[in-house]
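Everything on this sheet refers to the single structure shown next.
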Amino acid sequence: MRRAGLRGRGKPGTTGHSERDRYDELRGAGVSRSEAAAQVGVHVRTAQDWDKGIRKIGNSRLHPDGRTIDYNTGVITVRDSAGEPSLARLEARLHPRFLTLTEREQIADLHRDGASLREIGRRLGRAASTIKREVDSYSVRGAYRPHQAHRTWAAARSRPKASKPATSGPLRDYVAGKLALQWSPEQICHALLIDHPDDEVMRVSTETIYQAIYVQARGGLRREVADALRTGRTRRKPHRSPEQRTSPFTDEMVMISERPAEVADRAVPGHWEGDLIVGTGSASAIVTLVERSTRYVLLGHLPGGHTAEEVRDVLVPLIGSLPQHLRGSLTWDQGCEMAAHKQFTVATDVPVYFCDPHSPWQRGSNENTNGLLRQYFPKGTDLSVHSAEDLELVAHRLNGRPRKTLGWKTPAERLRDLLTVD
């Protein structure tokens, strides 16, 4: 009936107009989408598809540009069964910067009549370079053929392809292997440039790796999502700055505003940032120290508590294990665990500077490191079950990861360079 140009009778009890026709009439009369959908009796998502010219076919949606998207599998089809661009793709309404079939026909007529490229451009409202590129690209034996040009252009438009991590091969194995070592997608992306400098096949962007993990339609690394990223999330989430809750520190302190300028610009190594990560019920903790210049990490074991004396007794041997030229200063927040800071300074000759209240960004390197450590020591868990050897292994892993801020060198390599300088 439709091929013969006949319209269906519609649902029983209607006036003969389909829901779509009734919806188009309401929209043409200025009725809003939600109101028109309610009057017709369809979901607002269906109305949105109608406004965009999208047709629903089973579990798929046919877009005006010829794309057919299966929302169960994420598969996108853009060609017909004969392998040619679909009619919808050829007749799709695209961005005004693209030439339409009508414009190509005008180009052919004017070019055949001997009009110059500039004249054709003026009549079509296009740049002469656009006309020249079109004629040069799609002319056969000196003759510009508009319909063949349009079909060739439609077939050459960007088409979806399989994600690189979703395709078996050395690239996928490399990415999966580094994710198993808790490398971030950005670290993997840059490591590929170093490990395979001449192999263009071994290239993948950071966003592609994230999509392979999170986006179902891209796929490829879903099984690794639990262990791949330190957050362990199954969906993407915007970054949010963590809130730093600290208790008032009543003892005399030297504030960060009095810290030497050489500490702030990270030019001189040996200046450290410190904090605690706390276990369940604040019954256990781990001391975390980060060197500001190299991002080298030291961890201290506090299985039984984190009083000021206990923290002091862990910090003193940690700092004491360093050579003298790497004992510059220590920056801490105003937590009561540093009440014995003067005793620490006397024992190590390392001054302690305190951040302003609720200003975690003043210890940015340490905050970032604490976030990385939560991959190994999740919040809400008992930290006393981890031994000193476990902490040493975790510190070794963090110090062996390449860092963007270090030019993709590792903290261990940067510290080694400092220790071997004559």
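Residues are named by chain letter and number: chains run A, B, ... in the order of the structure tokens, numbers start at 1 in each chain, and ligands are numbered from 1 in the order shown.
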
Practice task
Name the residues in contact with Pro411 (chain A) at a cut-off of 7 Å, using only C-alpha atoms, excluding same-chain residues fewer than 4 positions from it; report them as a list in words.
Solution key: Thr294, Arg295, Tyr296, Asn399, Gly400 and Leu415 of chain A

Please write the residues from the selection above to a file, keeping all heavy atoms, as an mmCIF file, in the first residue's frame.
data_model
loop_
_atom_site.group_PDB
_atom_site.id
_atom_site.type_symbol
_atom_site.label_atom_id
_atom_site.label_comp_id
_atom_site.auth_asym_id
_atom_site.auth_seq_id
_atom_site.Cartn_x
_atom_site.Cartn_y
_atom_site.Cartn_z
ATOM 1 N N THR A 294 60.918 15.064 42.772
ATOM 2 C CA THR A 294 60.963 13.782 42.048
ATOM 3 C C THR A 294 59.683 12.984 42.163
ATOM 4 O O THR A 294 59.494 12.012 41.442
ATOM 5 C CB THR A 294 62.117 12.924 42.581
ATOM 6 O OG1 THR A 294 61.863 12.601 43.958
ATOM 7 C CG2 THR A 294 63.445 13.641 42.477
ATOM 8 N N ARG A 295 58.784 13.356 43.111
ATOM 9 C CA ARG A 295 57.550 12.620 43.413
ATOM 10 C C ARG A 295 57.852 11.230 43.991
ATOM 11 O O ARG A 295 57.033 10.316 43.899
ATOM 12 C CB ARG A 295 56.649 12.479 42.190
ATOM 13 C CG ARG A 295 55.694 13.646 41.957
ATOM 14 C CD ARG A 295 56.413 14.906 41.674
ATOM 15 N NE ARG A 295 55.496 15.963 41.214
ATOM 16 C CZ ARG A 295 55.904 17.121 40.761
ATOM 17 N NH1 ARG A 295 57.191 17.393 40.704
ATOM 18 N NH2 ARG A 295 55.051 18.029 40.363
ATOM 19 N N TYR A 296 59.042 11.081 44.554
ATOM 20 C CA TYR A 296 59.405 9.803 45.163
ATOM 21 C C TYR A 296 58.592 9.613 46.445
ATOM 22 O O TYR A 296 58.373 10.550 47.214
ATOM 23 C CB TYR A 296 60.896 9.770 45.488
ATOM 24 C CG TYR A 296 61.425 8.399 45.827
ATOM 25 C CD1 TYR A 296 61.802 7.513 44.826
ATOM 26 C CD2 TYR A 296 61.540 7.990 47.143
ATOM 27 C CE1 TYR A 296 62.282 6.250 45.125
ATOM 28 C CE2 TYR A 296 62.021 6.726 47.460
ATOM 29 C CZ TYR A 296 62.393 5.865 46.448
ATOM 30 O OH TYR A 296 62.860 4.614 46.754
ATOM 31 N N ASN A 399 56.851 4.167 42.708
ATOM 32 C CA ASN A 399 58.095 4.805 42.271
ATOM 33 C C ASN A 399 58.583 4.277 40.933
ATOM 34 O O ASN A 399 59.476 4.872 40.319
ATOM 35 C CB ASN A 399 59.178 4.608 43.332
ATOM 36 C CG ASN A 399 58.875 5.359 44.615
ATOM 37 O OD1 ASN A 399 58.274 6.430 44.582
ATOM 38 N ND2 ASN A 399 59.275 4.808 45.750
ATOM 39 N N GLY A 400 58.004 3.179 40.456
ATOM 40 C CA GLY A 400 58.372 2.629 39.159
ATOM 41 C C GLY A 400 57.426 2.991 38.043
ATOM 42 O O GLY A 400 57.608 2.548 36.907
ATOM 43 N N LEU A 415 65.227 10.099 41.330
ATOM 44 C CA LEU A 415 65.963 10.064 42.591
ATOM 45 C C LEU A 415 67.340 9.448 42.387
ATOM 46 O O LEU A 415 68.328 9.916 42.973
ATOM 47 C CB LEU A 415 65.173 9.269 43.633
ATOM 48 C CG LEU A 415 65.779 9.284 45.039
ATOM 49 C CD1 LEU A 415 65.709 10.682 45.624
ATOM 50 C CD2 LEU A 415 65.075 8.289 45.944
#

Please provide as an mmCIF file with all heavy atoms, in the first residue's frame all residues within 12 Å of Gln324 (chain A), with the sequence filter that same-chain residues fewer than 3 positions apart are discarded (counting only C-alpha atoms).
data_model
loop_
_atom_site.group_PDB
_atom_site.id
_atom_site.type_symbol
_atom_site.label_atom_id
_atom_site.label_comp_id
_atom_site.auth_asym_id
_atom_site.auth_seq_id
_atom_site.Cartn_x
_atom_site.Cartn_y
_atom_site.Cartn_z
ATOM 1 N N PRO A 269 65.729 19.796 45.149
ATOM 2 C CA PRO A 269 65.169 18.555 45.708
ATOM 3 C C PRO A 269 65.388 18.469 47.210
ATOM 4 O O PRO A 269 66.200 19.199 47.786
ATOM 5 C CB PRO A 269 65.938 17.468 44.963
ATOM 6 C CG PRO A 269 67.240 18.104 44.610
ATOM 7 C CD PRO A 269 66.943 19.545 44.347
ATOM 8 N N GLY A 270 64.671 17.582 47.848
ATOM 9 C CA GLY A 270 64.836 17.343 49.272
ATOM 10 C C GLY A 270 63.733 17.899 50.133
ATOM 11 O O GLY A 270 63.799 17.806 51.362
ATOM 12 N N HIS A 271 62.684 18.471 49.541
ATOM 13 C CA HIS A 271 61.561 19.029 50.298
ATOM 14 C C HIS A 271 60.364 18.078 50.141
ATOM 15 O O HIS A 271 59.985 17.723 49.030
ATOM 16 C CB HIS A 271 61.222 20.428 49.805
ATOM 17 C CG HIS A 271 62.362 21.388 49.965
ATOM 18 N ND1 HIS A 271 62.705 21.937 51.180
ATOM 19 C CD2 HIS A 271 63.257 21.876 49.060
ATOM 20 C CE1 HIS A 271 63.752 22.731 51.027
ATOM 21 N NE2 HIS A 271 64.107 22.722 49.754
ATOM 22 N N ILE A 319 62.921 9.785 57.526
ATOM 23 C CA ILE A 319 63.731 10.903 57.052
ATOM 24 C C ILE A 319 65.212 10.622 57.301
ATOM 25 O O ILE A 319 66.080 10.998 56.499
ATOM 26 C CB ILE A 319 63.297 12.205 57.747
ATOM 27 C CG1 ILE A 319 61.857 12.564 57.345
ATOM 28 C CG2 ILE A 319 64.234 13.354 57.389
ATOM 29 C CD1 ILE A 319 61.672 12.875 55.883
ATOM 30 N N GLY A 320 65.511 9.942 58.396
ATOM 31 C CA GLY A 320 66.901 9.641 58.704
ATOM 32 C C GLY A 320 67.557 8.697 57.734
ATOM 33 O O GLY A 320 68.798 8.637 57.649
ATOM 34 N N SER A 321 66.769 7.946 56.968
ATOM 35 C CA SER A 321 67.334 7.027 55.981
ATOM 36 C C SER A 321 67.807 7.747 54.723
ATOM 37 O O SER A 321 68.425 7.123 53.857
ATOM 38 C CB SER A 321 66.296 5.968 55.602
ATOM 39 O OG SER A 321 65.180 6.570 54.935
ATOM 40 N N ARG A 327 67.275 16.211 52.857
ATOM 41 C CA ARG A 327 66.498 16.515 54.063
ATOM 42 C C ARG A 327 66.295 18.023 54.159
ATOM 43 O O ARG A 327 66.930 18.705 54.951
ATOM 44 C CB ARG A 327 67.227 16.017 55.314
ATOM 45 C CG ARG A 327 67.512 14.533 55.346
ATOM 46 C CD ARG A 327 68.141 14.182 56.695
ATOM 47 N NE ARG A 327 68.878 12.936 56.628
ATOM 48 C CZ ARG A 327 69.618 12.463 57.640
ATOM 49 N NH1 ARG A 327 69.721 13.172 58.757
ATOM 50 N NH2 ARG A 327 70.258 11.322 57.510
ATOM 51 N N GLY A 328 65.422 18.542 53.293
ATOM 52 C CA GLY A 328 65.239 19.990 53.233
ATOM 53 C C GLY A 328 64.161 20.496 54.156
ATOM 54 O O GLY A 328 64.410 21.328 55.030
ATOM 55 N N SER A 329 62.926 20.003 53.986
ATOM 56 C CA SER A 329 61.803 20.463 54.806
ATOM 57 C C SER A 329 60.671 19.459 54.683
ATOM 58 O O SER A 329 60.697 18.561 53.823
ATOM 59 C CB SER A 329 61.329 21.848 54.364
ATOM 60 O OG SER A 329 60.719 21.775 53.081
ATOM 61 N N THR A 348 65.863 15.428 63.565
ATOM 62 C CA THR A 348 66.252 15.271 62.158
ATOM 63 C C THR A 348 66.843 16.530 61.545
ATOM 64 O O THR A 348 67.370 16.475 60.421
ATOM 65 C CB THR A 348 65.032 14.854 61.315
ATOM 66 O OG1 THR A 348 64.035 15.884 61.396
ATOM 67 C CG2 THR A 348 64.453 13.534 61.810
ATOM 68 N N ASP A 349 66.700 17.655 62.216
ATOM 69 C CA ASP A 349 67.132 18.947 61.677
ATOM 70 C C ASP A 349 66.357 19.321 60.417
ATOM 71 O O ASP A 349 66.864 19.990 59.516
ATOM 72 C CB ASP A 349 68.643 18.944 61.395
ATOM 73 C CG ASP A 349 69.194 20.356 61.251
ATOM 74 O OD1 ASP A 349 68.597 21.282 61.852
ATOM 75 O OD2 ASP A 349 70.194 20.545 60.529
ATOM 76 N N VAL A 350 65.088 18.865 60.333
ATOM 77 C CA VAL A 350 64.207 19.152 59.194
ATOM 78 C C VAL A 350 63.066 20.029 59.696
ATOM 79 O O VAL A 350 62.275 19.593 60.539
ATOM 80 C CB VAL A 350 63.652 17.858 58.564
ATOM 81 C CG1 VAL A 350 62.630 18.188 57.472
ATOM 82 C CG2 VAL A 350 64.778 17.015 57.999
ATOM 83 N N LEU A 419 71.056 11.005 43.414
ATOM 84 C CA LEU A 419 71.989 10.317 44.302
ATOM 85 C C LEU A 419 73.333 10.063 43.644
ATOM 86 O O LEU A 419 74.341 9.896 44.323
ATOM 87 C CB LEU A 419 71.384 9.000 44.794
ATOM 88 C CG LEU A 419 70.142 9.121 45.683
ATOM 89 C CD1 LEU A 419 69.596 7.732 46.011
ATOM 90 C CD2 LEU A 419 70.464 9.881 46.957
#

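Proximity to Ala412 (chain A) at 12 Å, evaluated using only C-alpha atoms and with sequence-adjacent residues fewer than 4 positions away removed, yields Glu291, Ser293, Thr294, Arg295, Tyr296, Val297, Leu298, Ala395, His396, Arg397, Leu398, Asn399, Gly400, Arg401, Pro402, Arg403, Leu406, Trp408, Arg416, Asp417, Leu418 and Leu419 of chain A.
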
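For the atom pair formed by CA of His306 (chain A) and CA of Ala347 (chain A), the distance is 18.9 Å, given to one decimal.
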
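Coordinates place CA of Gln362 (chain A) at a distance of 20.0 Å from CA of Val278 (chain A).
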
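Between Gln39 (chain A) and the candidates A:Glu25, A:Lys409, A:Ala166, A:Lys52, the tightest atom-to-atom separation, counting only C-alpha atoms, involves A:Glu25.
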
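For the pair CA of Lys164 (chain A) and CA of Asp195 (chain A), the separation is 17.8 Å.
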
Exercise for the section: From a DSSP calculation on the backbone, collect every residue of region 173-364 of chain A in strand (DSSP E or B) and output the set as an MDAnalysis selection string. Expected result: chainID A and resid 255 271:278 285:291 297:302 329:332 352:354

Residues of the last selection are to be written out with N, CA, C and O atoms, as an mmCIF file, in the first residue's frame.
data_model
loop_
_atom_site.group_PDB
_atom_site.id
_atom_site.type_symbol
_atom_site.label_atom_id
_atom_site.label_comp_id
_atom_site.auth_asym_id
_atom_site.auth_seq_id
_atom_site.Cartn_x
_atom_site.Cartn_y
_atom_site.Cartn_z
ATOM 1 N N MET A 255 54.055 28.629 59.500
ATOM 2 C CA MET A 255 53.083 28.465 58.430
ATOM 3 C C MET A 255 53.769 28.377 57.065
ATOM 4 O O MET A 255 54.924 28.783 56.888
ATOM 5 N N HIS A 271 62.684 18.471 49.541
ATOM 6 C CA HIS A 271 61.561 19.029 50.298
ATOM 7 C C HIS A 271 60.364 18.078 50.141
ATOM 8 O O HIS A 271 59.985 17.723 49.030
ATOM 9 N N TRP A 272 59.755 17.715 51.260
ATOM 10 C CA TRP A 272 58.767 16.643 51.302
ATOM 11 C C TRP A 272 57.403 17.158 51.731
ATOM 12 O O TRP A 272 57.298 18.161 52.455
ATOM 13 N N GLU A 273 56.361 16.467 51.271
ATOM 14 C CA GLU A 273 54.995 16.696 51.738
ATOM 15 C C GLU A 273 54.527 15.427 52.428
ATOM 16 O O GLU A 273 54.828 14.306 51.969
ATOM 17 N N GLY A 274 53.806 15.576 53.553
ATOM 18 C CA GLY A 274 53.405 14.406 54.319
ATOM 19 C C GLY A 274 51.960 14.444 54.750
ATOM 20 O O GLY A 274 51.333 15.505 54.836
ATOM 21 N N ASP A 275 51.429 13.252 55.043
ATOM 22 C CA ASP A 275 50.047 13.114 55.504
ATOM 23 C C ASP A 275 49.856 11.680 55.985
ATOM 24 O O ASP A 275 50.766 10.849 55.881
ATOM 25 N N LEU A 276 48.657 11.392 56.479
ATOM 26 C CA LEU A 276 48.278 10.039 56.866
ATOM 27 C C LEU A 276 47.104 9.581 56.020
ATOM 28 O O LEU A 276 46.243 10.389 55.649
ATOM 29 N N ILE A 277 47.057 8.301 55.687
ATOM 30 C CA ILE A 277 45.809 7.677 55.250
ATOM 31 C C ILE A 277 45.385 6.756 56.387
ATOM 32 O O ILE A 277 46.204 6.015 56.948
ATOM 33 N N VAL A 278 44.103 6.839 56.751
ATOM 34 C CA VAL A 278 43.616 6.224 57.979
ATOM 35 C C VAL A 278 42.711 5.055 57.638
ATOM 36 O O VAL A 278 41.939 5.096 56.669
ATOM 37 N N ALA A 285 46.840 3.367 60.523
ATOM 38 C CA ALA A 285 47.163 4.419 59.553
ATOM 39 C C ALA A 285 48.471 4.094 58.861
ATOM 40 O O ALA A 285 49.204 3.182 59.271
ATOM 41 N N ILE A 286 48.742 4.866 57.809
ATOM 42 C CA ILE A 286 49.997 4.766 57.065
ATOM 43 C C ILE A 286 50.512 6.179 56.850
ATOM 44 O O ILE A 286 49.773 7.068 56.412
ATOM 45 N N VAL A 287 51.775 6.410 57.184
ATOM 46 C CA VAL A 287 52.417 7.686 56.906
ATOM 47 C C VAL A 287 52.829 7.716 55.433
ATOM 48 O O VAL A 287 53.431 6.764 54.929
ATOM 49 N N THR A 288 52.494 8.807 54.750
ATOM 50 C CA THR A 288 52.861 8.951 53.342
ATOM 51 C C THR A 288 53.717 10.203 53.183
ATOM 52 O O THR A 288 53.323 11.291 53.608
ATOM 53 N N LEU A 289 54.880 10.044 52.590
ATOM 54 C CA LEU A 289 55.781 11.153 52.298
ATOM 55 C C LEU A 289 56.070 11.187 50.806
ATOM 56 O O LEU A 289 56.318 10.132 50.208
ATOM 57 N N VAL A 290 56.024 12.377 50.201
ATOM 58 C CA VAL A 290 56.283 12.550 48.774
ATOM 59 C C VAL A 290 57.301 13.670 48.599
ATOM 60 O O VAL A 290 57.122 14.770 49.130
ATOM 61 N N GLU A 291 58.368 13.389 47.869
ATOM 62 C CA GLU A 291 59.369 14.414 47.564
ATOM 63 C C GLU A 291 58.837 15.299 46.439
ATOM 64 O O GLU A 291 58.420 14.808 45.405
ATOM 65 N N VAL A 297 58.137 8.388 46.701
ATOM 66 C CA VAL A 297 57.214 8.082 47.791
ATOM 67 C C VAL A 297 57.920 7.244 48.856
ATOM 68 O O VAL A 297 58.638 6.289 48.540
ATOM 69 N N LEU A 298 57.693 7.594 50.118
ATOM 70 C CA LEU A 298 58.101 6.801 51.269
ATOM 71 C C LEU A 298 56.863 6.526 52.108
ATOM 72 O O LEU A 298 56.024 7.419 52.310
ATOM 73 N N LEU A 299 56.726 5.291 52.601
ATOM 74 C CA LEU A 299 55.578 4.905 53.410
ATOM 75 C C LEU A 299 56.040 4.405 54.772
ATOM 76 O O LEU A 299 57.043 3.692 54.882
ATOM 77 N N GLY A 300 55.304 4.799 55.818
ATOM 78 C CA GLY A 300 55.605 4.382 57.177
ATOM 79 C C GLY A 300 54.467 3.587 57.771
ATOM 80 O O GLY A 300 53.289 3.903 57.559
ATOM 81 N N HIS A 301 54.785 2.559 58.562
ATOM 82 C CA HIS A 301 53.802 1.617 59.084
ATOM 83 C C HIS A 301 53.301 2.076 60.451
ATOM 84 O O HIS A 301 54.096 2.309 61.370
ATOM 85 N N LEU A 302 51.982 2.228 60.605
ATOM 86 C CA LEU A 302 51.353 2.575 61.876
ATOM 87 C C LEU A 302 50.194 1.617 62.131
ATOM 88 O O LEU A 302 49.018 1.976 62.010
ATOM 89 N N SER A 329 62.926 20.003 53.986
ATOM 90 C CA SER A 329 61.803 20.463 54.806
ATOM 91 C C SER A 329 60.671 19.459 54.683
ATOM 92 O O SER A 329 60.697 18.561 53.823
ATOM 93 N N LEU A 330 59.666 19.630 55.557
ATOM 94 C CA LEU A 330 58.475 18.790 55.526
ATOM 95 C C LEU A 330 57.263 19.696 55.634
ATOM 96 O O LEU A 330 57.194 20.562 56.518
ATOM 97 N N THR A 331 56.305 19.542 54.724
ATOM 98 C CA THR A 331 55.058 20.308 54.744
ATOM 99 C C THR A 331 53.918 19.380 55.133
ATOM 100 O O THR A 331 53.765 18.298 54.542
ATOM 101 N N TRP A 332 53.116 19.788 56.110
ATOM 102 C CA TRP A 332 52.056 18.932 56.654
ATOM 103 C C TRP A 332 50.801 19.771 56.834
ATOM 104 O O TRP A 332 50.857 21.014 56.844
ATOM 105 N N VAL A 352 59.446 21.898 59.847
ATOM 106 C CA VAL A 352 58.089 21.509 59.443
ATOM 107 C C VAL A 352 57.287 22.779 59.178
ATOM 108 O O VAL A 352 57.245 23.681 60.032
ATOM 109 N N TYR A 353 56.634 22.843 58.012
ATOM 110 C CA TYR A 353 55.767 23.966 57.654
ATOM 111 C C TYR A 353 54.331 23.448 57.551
ATOM 112 O O TYR A 353 54.080 22.365 56.998
ATOM 113 N N PHE A 354 53.395 24.253 58.087
ATOM 114 C CA PHE A 354 52.007 23.818 58.145
ATOM 115 C C PHE A 354 51.157 24.591 57.141
ATOM 116 O O PHE A 354 51.300 25.809 56.981
#

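Minimum atom-to-atom distances from A:Asp356, A:Asp49, A:Glu19, A:Glu389 to Met253 (chain A) were compared using only C-alpha atoms, and the lowest value belongs to A:Asp356.
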
Would you mind listing what lies within 8 Å of region 343-346 of chain A as a PDB file with N, CA, C and O atoms, in the first residue's frame, with only C-alpha atoms counted and same-chain residues fewer than 6 positions away left out?
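File written: out-v3.pdb
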ATOM      1  N   ARG A 312      55.702  10.574  65.184  1.00  0.00           N
ATOM      2  CA  ARG A 312      57.083  11.057  65.293  1.00  0.00           C
ATOM      3  C   ARG A 312      58.082   9.906  65.204  1.00  0.00           C
ATOM      4  O   ARG A 312      59.100  10.001  64.501  1.00  0.00           O
ATOM      5  N   LEU A 315      58.329   8.860  61.553  1.00  0.00           N
ATOM      6  CA  LEU A 315      58.904   9.852  60.655  1.00  0.00           C
ATOM      7  C   LEU A 315      60.417   9.997  60.834  1.00  0.00           C
ATOM      8  O   LEU A 315      61.146  10.173  59.846  1.00  0.00           O
ATOM      9  N   VAL A 316      60.886   9.932  62.047  1.00  0.00           N
ATOM     10  CA  VAL A 316      62.311  10.148  62.294  1.00  0.00           C
ATOM     11  C   VAL A 316      63.181   9.142  61.538  1.00  0.00           C
ATOM     12  O   VAL A 316      64.116   9.545  60.825  1.00  0.00           O
ATOM     13  N   VAL A 352      59.446  21.898  59.847  1.00  0.00           N
ATOM     14  CA  VAL A 352      58.089  21.509  59.443  1.00  0.00           C
ATOM     15  C   VAL A 352      57.287  22.779  59.178  1.00  0.00           C
ATOM     16  O   VAL A 352      57.245  23.681  60.032  1.00  0.00           O
TER      17      VAL A 352
END
